[in-house]
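Accompanying notes for the structure given below.
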Amino acid sequence: MKQQSHPFFSATGSPLSLQHLVDSLVNDRLQLAKINRTAVVNEIGKAVSLSKGCESFICLIDEVITTVIANSNRGDIHISAERRDKEVILSIQERNNYNGYALSFSIGTLMEDAFSIGGMLDIKGPQKKITTIYLSLPVTAAA
């Protein structure tokens with residue numbers, strides 16, 4: 001997993017809105033989405049946030065979003081999240097999966113990275129038209 005610094009946290013360490021984070025990451029990938037003729041919809045509510053100190057998860061979320069957009073063609077990507085007792089589940093659904101083999105392989109290369117930082121990454125329906133990638137973040141990453 002590439003390590004990079006994201007300036008999303010304030011100096012006071014206040015929680016980061018996951019909705020805001022995803023908006024920023026998607027905005028950084030708009031040119032790639034445009035080239036691939038892909039629409040990306042952020043359906044994350046304002047109530048879900050991340051705590052200070054989860055920069056590794058930010059990098060992983062960035063890589064997963066980039067991977068899904070890069071493997072799309074005329075894609076229809078919807079990103080949502082929900083908080084459960086011990087985790088936050090980020091769901092990225094590609095509703096017009098173009099190349100399931102490439103997407104599945106690319107997501108598979110990130111699974112160990114997710115596990116190594118305390119999360120879990122999974123893909124459901126990789127060879128189907130509607131494919132969903134789930135990224136589970138532990139409660140310690142959620143605010």
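Identifiers in the structure tokens: chain A, B, ... in order shown; residue index from 1 per chain; ligand index from 1 in order shown.
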Next on the checklist: For the helix (DSSP H, G or I) assignment from backbone DSSP, which residues of chain A qualify? Please present them as a PyMOL selection string.
Outcome noted: chain A and resi 18-28+30-35+55-70+100-116
For segment 20-41 of chain A versus segment 56-68 of chain A, which residues have an atom no more than 9 Å away, and what is each residue's nearest atom pair and distance in Å rounded to one decimal, using only C-alpha atoms, chain-then-number order, as CSV?
residue,atom,partner,partner_atom,distance
A:Leu21,CA,A:Ile58,CA,8.1
A:Val22,CA,A:Asp62,CA,8.2
A:Leu25,CA,A:Asp62,CA,6.2
A:Val26,CA,A:Ile65,CA,7.4
A:Arg29,CA,A:Thr66,CA,6.9
A:Leu32,CA,A:Thr66,CA,8.6
Next, the residues of the selection above should be written as a JSON list (two decimals), in the first residue's frame with C-alpha atoms.
[["chain", "number", "residue", "atom", "x", "y", "z"],
["A", 21, "LEU", "CA", -13.19, 12.43, 2.83],
["A", 22, "VAL", "CA", -14.85, 10.43, 0.04],
["A", 25, "LEU", "CA", -10.90, 11.51, -2.86],
["A", 26, "VAL", "CA", -13.46, 11.20, -5.66],
["A", 29, "ARG", "CA", -10.10, 11.11, -9.42],
["A", 32, "LEU", "CA", -9.93, 9.33, -14.48]]
Checklist entry - Taking the backbone alone, and naming residues the way the document does, which bits of chain A are strand (DSSP E) by DSSP, as a ChimeraX atom specification? => result /A:16-17,39-42,49-50,76-83,87-94,120-124,131-138
Checklist entry - Using only C-alpha atoms, which residues sit within 12 Å of Val88 of chain A once same-chain residues fewer than 5 positions away are excluded, as a PyMOL selection string? => result chain A and resi 18+44+47-51+57+80-83+119-121+134-143
Emit the selected residues as a compact mmCIF listing (two decimals), in the first residue's frame, including N, CA and C atoms.
# COMPACT_ATOMS: atom_id res chain seq x y z
N LEU A 18 -16.54 11.09 7.04
CA LEU A 18 -16.25 10.14 5.97
C LEU A 18 -16.84 10.63 4.65
N ILE A 44 -22.86 8.61 1.34
CA ILE A 44 -22.51 8.51 2.76
C ILE A 44 -23.17 9.66 3.52
N ALA A 47 -23.26 11.65 9.41
CA ALA A 47 -23.03 11.18 10.78
C ALA A 47 -21.83 10.24 10.91
N VAL A 48 -21.35 9.66 9.84
CA VAL A 48 -20.24 8.71 9.91
C VAL A 48 -18.93 9.47 9.82
N SER A 49 -18.06 9.25 10.80
CA SER A 49 -16.78 9.96 10.80
C SER A 49 -15.65 9.04 11.23
N LEU A 50 -14.43 9.49 10.96
CA LEU A 50 -13.23 8.75 11.34
C LEU A 50 -12.49 9.54 12.41
N SER A 51 -11.76 8.81 13.24
CA SER A 51 -11.01 9.47 14.31
C SER A 51 -9.60 9.82 13.84
N PHE A 57 -5.91 4.03 7.01
CA PHE A 57 -7.21 3.74 6.43
C PHE A 57 -7.56 4.73 5.32
N SER A 80 -21.36 4.09 -0.16
CA SER A 80 -22.16 4.30 1.04
C SER A 80 -21.39 3.77 2.25
N ALA A 81 -21.89 4.09 3.42
CA ALA A 81 -21.24 3.62 4.65
C ALA A 81 -22.28 3.51 5.75
N GLU A 82 -22.03 2.58 6.65
CA GLU A 82 -22.86 2.47 7.84
C GLU A 82 -21.98 2.11 9.03
N ARG A 83 -22.39 2.61 10.17
CA ARG A 83 -21.65 2.30 11.39
C ARG A 83 -22.38 1.19 12.13
N GLY A 119 -8.26 -3.87 9.32
CA GLY A 119 -9.53 -3.83 8.60
C GLY A 119 -9.77 -5.11 7.84
N MET A 120 -10.79 -5.09 7.02
CA MET A 120 -11.09 -6.24 6.16
C MET A 120 -11.62 -5.71 4.84
N LEU A 121 -11.19 -6.30 3.76
CA LEU A 121 -11.62 -5.93 2.42
C LEU A 121 -12.15 -7.16 1.73
N TYR A 134 -16.53 -4.30 -0.09
CA TYR A 134 -16.77 -3.91 1.30
C TYR A 134 -15.44 -3.69 1.98
N LEU A 135 -15.30 -2.54 2.63
CA LEU A 135 -14.14 -2.26 3.43
C LEU A 135 -14.61 -2.03 4.86
N SER A 136 -14.17 -2.89 5.75
CA SER A 136 -14.54 -2.81 7.16
C SER A 136 -13.42 -2.12 7.92
N LEU A 137 -13.79 -1.06 8.66
CA LEU A 137 -12.84 -0.34 9.49
C LEU A 137 -13.19 -0.58 10.94
N PRO A 138 -12.23 -0.90 11.80
CA PRO A 138 -12.55 -1.18 13.21
C PRO A 138 -13.05 0.07 13.92
N VAL A 139 -13.74 -0.14 15.01
CA VAL A 139 -14.32 0.97 15.77
C VAL A 139 -13.25 1.96 16.22
N THR A 140 -12.02 1.53 16.36
CA THR A 140 -10.95 2.45 16.76
C THR A 140 -10.69 3.50 15.68
N ALA A 141 -11.05 3.20 14.44
CA ALA A 141 -10.88 4.18 13.36
C ALA A 141 -12.08 5.10 13.26
N ALA A 142 -13.22 4.68 13.83
CA ALA A 142 -14.43 5.48 13.76
C ALA A 142 -14.50 6.42 14.95
N ALA A 143 -15.02 7.59 14.70
CA ALA A 143 -15.16 8.57 15.79
C ALA A 143 -16.51 8.46 16.44
Next on the checklist: Just want the 12 Å neighbourhood of segment 124-128 of chain A, counted on only C-alpha atoms, with same-chain residues fewer than 6 positions away dropped. Output as a PyMOL selection string.
Outcome noted: chain A and resi 68+71+91-108+134-135
Write the residues of the preceding selection, restricted to N, CA and C atoms, as a short mmCIF file (atom, residue, chain, number, x, y, z; two decimals), in the first residue's frame.
data_model
loop_
_atom_site.label_atom_id
_atom_site.label_comp_id
_atom_site.auth_asym_id
_atom_site.auth_seq_id
_atom_site.Cartn_x
_atom_site.Cartn_y
_atom_site.Cartn_z
N VAL A 68 -11.38 0.97 -8.20
CA VAL A 68 -12.71 0.75 -8.77
C VAL A 68 -12.93 1.67 -9.96
N ASN A 71 -10.84 0.58 -13.04
CA ASN A 71 -11.30 -0.63 -13.71
C ASN A 71 -12.71 -0.49 -14.29
N SER A 91 -19.11 0.65 1.64
CA SER A 91 -19.52 -0.17 0.50
C SER A 91 -19.34 0.63 -0.78
N ILE A 92 -18.67 0.03 -1.73
CA ILE A 92 -18.49 0.65 -3.03
C ILE A 92 -19.10 -0.31 -4.05
N GLN A 93 -20.20 0.12 -4.63
CA GLN A 93 -20.94 -0.74 -5.55
C GLN A 93 -20.77 -0.23 -6.98
N GLU A 94 -20.27 -1.09 -7.84
CA GLU A 94 -20.16 -0.80 -9.27
C GLU A 94 -21.36 -1.47 -9.92
N ARG A 95 -22.28 -0.68 -10.42
CA ARG A 95 -23.54 -1.19 -10.96
C ARG A 95 -23.48 -1.46 -12.46
N ASN A 96 -22.31 -1.31 -13.04
CA ASN A 96 -22.11 -1.63 -14.44
C ASN A 96 -20.70 -2.21 -14.59
N ASN A 97 -20.45 -3.30 -13.88
CA ASN A 97 -19.12 -3.90 -13.82
C ASN A 97 -18.66 -4.32 -15.22
N TYR A 98 -17.61 -3.69 -15.66
CA TYR A 98 -17.10 -3.89 -17.02
C TYR A 98 -16.12 -5.05 -17.11
N ASN A 99 -15.17 -5.10 -16.21
CA ASN A 99 -14.12 -6.11 -16.28
C ASN A 99 -13.90 -6.70 -14.89
N GLY A 100 -14.76 -7.63 -14.53
CA GLY A 100 -14.73 -8.21 -13.20
C GLY A 100 -13.43 -8.90 -12.84
N TYR A 101 -12.77 -9.52 -13.82
CA TYR A 101 -11.51 -10.21 -13.52
C TYR A 101 -10.44 -9.23 -13.08
N ALA A 102 -10.30 -8.13 -13.80
CA ALA A 102 -9.28 -7.13 -13.45
C ALA A 102 -9.61 -6.47 -12.12
N LEU A 103 -10.88 -6.14 -11.91
CA LEU A 103 -11.28 -5.51 -10.65
C LEU A 103 -11.03 -6.45 -9.48
N SER A 104 -11.43 -7.70 -9.64
CA SER A 104 -11.25 -8.69 -8.58
C SER A 104 -9.77 -8.87 -8.25
N PHE A 105 -8.94 -8.97 -9.27
CA PHE A 105 -7.49 -9.13 -9.05
C PHE A 105 -6.93 -7.91 -8.32
N SER A 106 -7.30 -6.73 -8.79
CA SER A 106 -6.77 -5.50 -8.20
C SER A 106 -7.20 -5.33 -6.74
N ILE A 107 -8.46 -5.63 -6.44
CA ILE A 107 -8.94 -5.57 -5.06
C ILE A 107 -8.22 -6.63 -4.22
N GLY A 108 -8.02 -7.81 -4.79
CA GLY A 108 -7.32 -8.88 -4.09
C GLY A 108 -5.93 -8.49 -3.64
N TYR A 134 -16.53 -4.30 -0.09
CA TYR A 134 -16.77 -3.91 1.30
C TYR A 134 -15.44 -3.69 1.98
N LEU A 135 -15.30 -2.54 2.63
CA LEU A 135 -14.14 -2.26 3.43
C LEU A 135 -14.61 -2.03 4.86
#
